[in-house]
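Presented below is the structure to which this report refers.
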Amino acid sequence: MDTINVLLVEDDPMVREVNRQFIERVDGFKVVGMCSNGIQGYNQIVELKPHLVIMDIFMPEQDGLITLRKIRNANLPVDVITVTAANDMQTIQQILHLGVYDYIMKPFTFERIQQTLLNYFNFKLKTFGLQDITQKELDEMIHPYRELEEVAGNESPILTELPKGFNRTTLDKVLHFVKLSKEGVSADEVAAAIGVARVTARRYLDFLEKQSFIHVDVHYGGVGRPINHYFVK
């Protein structure tokens with residue numbers, strides 16, 4: 001699977017265009033259709049057969065909640081991410097019970113939707129063509145933070161509360177990439193690998209190092225500043 005085909009269902013034309021640009025900035029994703037209400041959205045799911053639908057909830061003619069119920073009742077093989085201003089727990093619970101991959105509240109940043117799309121792409125790569133899987137493989141799919149638990153231990157505060165401005169998915173990605181290298185990685189390498197700014201990568205690396213989840217060595221080159229290399233023992 002090289003490309004994830006996406007159907008975008010959003011009634012506001014300006015928001016729809018911004019969302020389209022966000023989605024297509026992420027490698028591996030292509031918007032194959034756009035529409036402004038749930039009736040059109042359902043019909044285009046049947047016609048276009050996208051892998052993923054990114055859908056608003058508050059829409060005219062047919063809202064996202066009714067549309068999602070129809071998708072599930074018809075057993076259509078499509079995943080759904082809701083992107084909506086709905087923030088009341090009743091609506092959120094109804095949507096989660098209908099099996100969405102993620103629930104993103106408006107307004108949101110590009111980084112927020114990028115993280116979700118990258119996670120989704122990795123999930124599809126892991127499941128593509130599979131018939132039967134082991135418990136370990138299933139755990140890796142539905143427990144994306146298991147690596148943090150293995151490194152930190154179940155009683156670590158990192159698993160229950162993060163400082164303001166930190167995202168758990170990004171933290172997990174940073175730690176995973178550091179673990180892949182036995183020789184250590186720099187903030188620049190982490191930033192390039194997971195698609196964040198260098199300053200963001202450095203902030204997460206410093207946090208993990210202060211919490212003793214990773215360690216740092218200072219490498220001195222011939223010219224210029226020394227470079228920190230981070231690693232897991």
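Following the order of the structure tokens, first chain is A, next is B, and so on, with residues numbered from 1 inside each chain and ligands from 1 in the order they appear.
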Contacts of Phe108 of chain A at 10 Å or less, counting only C-alpha atoms, minus same-chain residues fewer than 4 places along, as a PDB file with all heavy atoms, in the first residue's frame?
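Okay, selection04.pdb is ready:
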```pdb
ATOM      1  N   VAL A  83     -13.231  15.229  12.484  1.00  0.00           N
ATOM      2  CA  VAL A  83     -12.589  16.518  12.744  1.00  0.00           C
ATOM      3  C   VAL A  83     -13.717  17.506  12.964  1.00  0.00           C
ATOM      4  O   VAL A  83     -14.426  17.873  12.023  1.00  0.00           O
ATOM      5  CB  VAL A  83     -11.699  16.957  11.553  1.00  0.00           C
ATOM      6  CG1 VAL A  83     -11.108  18.334  11.818  1.00  0.00           C
ATOM      7  CG2 VAL A  83     -10.596  15.949  11.313  1.00  0.00           C
ATOM      8  N   THR A  84     -13.936  17.908  14.198  1.00  0.00           N
ATOM      9  CA  THR A  84     -15.167  18.617  14.528  1.00  0.00           C
ATOM     10  C   THR A  84     -14.999  19.554  15.719  1.00  0.00           C
ATOM     11  O   THR A  84     -14.085  19.384  16.527  1.00  0.00           O
ATOM     12  CB  THR A  84     -16.278  17.589  14.847  1.00  0.00           C
ATOM     13  OG1 THR A  84     -17.454  18.269  15.291  1.00  0.00           O
ATOM     14  CG2 THR A  84     -15.821  16.621  15.925  1.00  0.00           C
ATOM     15  N   ALA A  85     -15.914  20.516  15.801  1.00  0.00           N
ATOM     16  CA  ALA A  85     -15.952  21.421  16.950  1.00  0.00           C
ATOM     17  C   ALA A  85     -16.724  20.825  18.118  1.00  0.00           C
ATOM     18  O   ALA A  85     -16.739  21.410  19.206  1.00  0.00           O
ATOM     19  CB  ALA A  85     -16.575  22.752  16.543  1.00  0.00           C
ATOM     20  N   ILE A 104     -10.555  14.468  16.378  1.00  0.00           N
ATOM     21  CA  ILE A 104      -9.759  15.684  16.434  1.00  0.00           C
ATOM     22  C   ILE A 104     -10.691  16.884  16.580  1.00  0.00           C
ATOM     23  O   ILE A 104     -11.608  17.060  15.781  1.00  0.00           O
ATOM     24  CB  ILE A 104      -8.882  15.840  15.180  1.00  0.00           C
ATOM     25  CG1 ILE A 104      -7.944  14.637  15.034  1.00  0.00           C
ATOM     26  CG2 ILE A 104      -8.091  17.143  15.223  1.00  0.00           C
ATOM     27  CD1 ILE A 104      -7.119  14.646  13.774  1.00  0.00           C
ATOM     28  N   ARG A 112      -0.972  18.255  14.621  1.00  0.00           N
ATOM     29  CA  ARG A 112      -1.913  17.318  15.252  1.00  0.00           C
ATOM     30  C   ARG A 112      -2.472  16.325  14.242  1.00  0.00           C
ATOM     31  O   ARG A 112      -2.484  15.117  14.480  1.00  0.00           O
ATOM     32  CB  ARG A 112      -3.063  18.097  15.920  1.00  0.00           C
ATOM     33  CG  ARG A 112      -4.158  17.189  16.507  1.00  0.00           C
ATOM     34  CD  ARG A 112      -3.596  16.289  17.614  1.00  0.00           C
ATOM     35  NE  ARG A 112      -4.599  15.425  18.169  1.00  0.00           N
ATOM     36  CZ  ARG A 112      -4.952  14.234  17.673  1.00  0.00           C
ATOM     37  NH1 ARG A 112      -4.338  13.794  16.567  1.00  0.00           N
ATOM     38  NH2 ARG A 112      -5.868  13.494  18.262  1.00  0.00           N
ATOM     39  N   ILE A 113      -2.914  16.812  13.099  1.00  0.00           N
ATOM     40  CA  ILE A 113      -3.470  15.891  12.108  1.00  0.00           C
ATOM     41  C   ILE A 113      -2.362  15.087  11.439  1.00  0.00           C
ATOM     42  O   ILE A 113      -2.556  13.920  11.061  1.00  0.00           O
ATOM     43  CB  ILE A 113      -4.335  16.632  11.065  1.00  0.00           C
ATOM     44  CG1 ILE A 113      -5.225  15.622  10.313  1.00  0.00           C
ATOM     45  CG2 ILE A 113      -3.495  17.455  10.104  1.00  0.00           C
ATOM     46  CD1 ILE A 113      -6.344  16.250   9.529  1.00  0.00           C
TER      47      ILE A 113
END
```
Using only C-alpha atoms, tabulate the residues of segment 103-135 of chain A lying at most 12 Å from any atom of segment 46-64 of chain A, each with its closest atom pair and that distance in Å to one decimal, by chain and increasing residue number, as CSV.
```
residue,atom,partner,partner_atom,distance
A:Tyr103,CA,A:Ile54,CA,9.8
A:Ile104,CA,A:Asp56,CA,9.7
A:Met105,CA,A:Asp56,CA,9.8
A:Lys106,CA,A:Asp56,CA,9.7
A:Ile113,CA,A:Ile54,CA,10.4
A:Thr116,CA,A:Ile54,CA,11.2
A:Leu117,CA,A:Leu52,CA,9.9
A:Tyr120,CA,A:Leu52,CA,9.3
A:Phe121,CA,A:Leu52,CA,10.3
A:Lys124,CA,A:His51,CA,9.4
A:Phe128,CA,A:His51,CA,11.6
```
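Coordinates place atom CA of Gly38 of chain A at a distance of 17.8 Å from atom CA of Ile92 of chain A.
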(Q) Can you tell me which residues surround Val100 of chain A at a distance of at most 7 Å, considering only C-alpha atoms, apart from same-chain residues fewer than 4 positions away, and format the answer as a list in words? (A)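 The residues that qualify are Asp79, Val80, Ile81, Ile95 and Leu96 of chain A.
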Q: Could you tell me which of A:Ile66, A:Val185, A:Val6, A:Ala197 comes closest to Phe29 of chain A if we count only C-alpha atoms?
A: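 For Phe29 of chain A, the nearest of the candidates is A:Val6.
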Q) DSSP on the backbone: what in segment 1-232 of chain A comes out alpha helix (DSSP H), as JSON, numbers by chain? A) {"A": [13, 14, 15, 16, 17, 18, 19, 20, 21, 22, 23, 24, 38, 39, 40, 41, 42, 43, 44, 45, 46, 47, 48, 64, 65, 66, 67, 68, 69, 70, 71, 72, 73, 89, 90, 91, 92, 93, 94, 95, 96, 97, 110, 111, 112, 113, 114, 115, 116, 117, 118, 119, 120, 121, 122, 123, 124, 125, 126, 127, 135, 136, 137, 138, 139, 140, 141, 142, 146, 147, 148, 149, 150, 151, 152, 168, 169, 170, 171, 172, 173, 174, 175, 176, 177, 178, 179, 180, 187, 188, 189, 190, 191, 192, 193, 194, 198, 199, 200, 201, 202, 203, 204, 205, 206, 207, 208, 209, 210]}
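Nearest to Ser186 of chain A of all the residues A:Asp27, A:Asp172, A:Asp132, A:Asp206 is A:Asp206, counting only C-alpha atoms.
Counting from atom CA of Tyr204 of chain A, the distance to atom CA of His219 of chain A is 19.3 Å.
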Q. What does the distance from atom CA of Pro226 of chain A to atom CA of Asp188 of chain A come to in Å, to one decimal?
A. 13.1 Å
Q: Tell me which protein, DNA and RNA residues are within 12 Å of segment 189-193 of chain A, counting only C-alpha atoms, leaving out same-chain ones fewer than 2 positions away, and put them as a PyMOL selection string.
A: chain A and resi 118+170-181+184-187+195-205+227-231
Q) Can you list every residue in segment 37-227 of chain A that DSSP puts in strand (DSSP E or B), as an MDAnalysis selection string? A) chainID A and resid 52:55 79:84 102:105 185 215:219 227
Q) Of the residues A:Ser36, A:Asn75, A:Thr169, A:Thr109, which is the one nearest to Ile194 of chain A, using only C-alpha atoms? A) A:Thr169
Q. Using only C-alpha atoms, which residues sit within 10 Å of Leu138 of chain A once same-chain residues fewer than 5 positions away are excluded, as number ranges by chain?
A. A: 126-127, 132-133, 143
Keeping only all heavy atoms, write those residues as a CSV table (one decimal), in the first residue's frame.
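Wrote it out as part_38.csv, contents follow:
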```csv
chain,number,residue,atom,x,y,z
A,126,LYS,N,1.1,-2.2,8.8
A,126,LYS,CA,1.2,-3.4,9.6
A,126,LYS,C,0.1,-4.4,9.3
A,126,LYS,O,0.3,-5.6,9.4
A,126,LYS,CB,1.2,-3.0,11.1
A,126,LYS,CG,2.4,-2.3,11.5
A,126,LYS,CD,2.3,-1.9,13.0
A,126,LYS,CE,3.5,-1.2,13.5
A,126,LYS,NZ,3.4,-0.7,14.9
A,127,THR,N,-1.1,-3.9,8.9
A,127,THR,CA,-2.2,-4.8,8.8
A,127,THR,C,-2.5,-5.2,7.3
A,127,THR,O,-3.3,-6.2,7.1
A,127,THR,CB,-3.5,-4.2,9.3
A,127,THR,OG1,-3.8,-2.9,8.6
A,127,THR,CG2,-3.4,-3.9,10.8
A,132,ASP,N,-4.0,-13.7,9.7
A,132,ASP,CA,-4.0,-14.1,11.1
A,132,ASP,C,-2.8,-13.4,11.7
A,132,ASP,O,-1.7,-13.2,11.1
A,132,ASP,CB,-3.9,-15.6,11.3
A,132,ASP,CG,-5.1,-16.3,10.7
A,132,ASP,OD1,-6.2,-16.0,11.1
A,132,ASP,OD2,-4.9,-17.2,9.9
A,133,ILE,N,-2.9,-13.0,13.0
A,133,ILE,CA,-1.8,-12.3,13.6
A,133,ILE,C,-1.6,-12.9,15.0
A,133,ILE,O,-2.5,-13.5,15.6
A,133,ILE,CB,-2.0,-10.8,13.7
A,133,ILE,CG1,-3.2,-10.4,14.6
A,133,ILE,CG2,-2.1,-10.1,12.4
A,133,ILE,CD1,-3.4,-9.0,14.8
A,143,HIS,N,-1.8,-1.0,21.2
A,143,HIS,CA,-1.1,-0.3,22.3
A,143,HIS,C,0.1,0.4,21.9
A,143,HIS,O,1.2,-0.1,22.1
A,143,HIS,CB,-0.8,-1.4,23.4
A,143,HIS,CG,-1.9,-2.1,23.9
A,143,HIS,ND1,-2.9,-1.5,24.7
A,143,HIS,CD2,-2.3,-3.4,23.8
A,143,HIS,CE1,-3.8,-2.4,25.0
A,143,HIS,NE2,-3.5,-3.6,24.5
```
Q. Leu7 of chain A: which residues within 6 Å, counting only C-alpha atoms, same-chain residues fewer than 2 positions away excluded, as a PyMOL selection string?
A. chain A and resi 31-34+53
Q: Go through A:Gln94, A:Thr67, A:Asn5, A:Asn19 and flag the residue nearest Tyr42 of chain A, using only C-alpha atoms for the distances.
A: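 For Tyr42 of chain A, the nearest of the given residues is A:Thr67.
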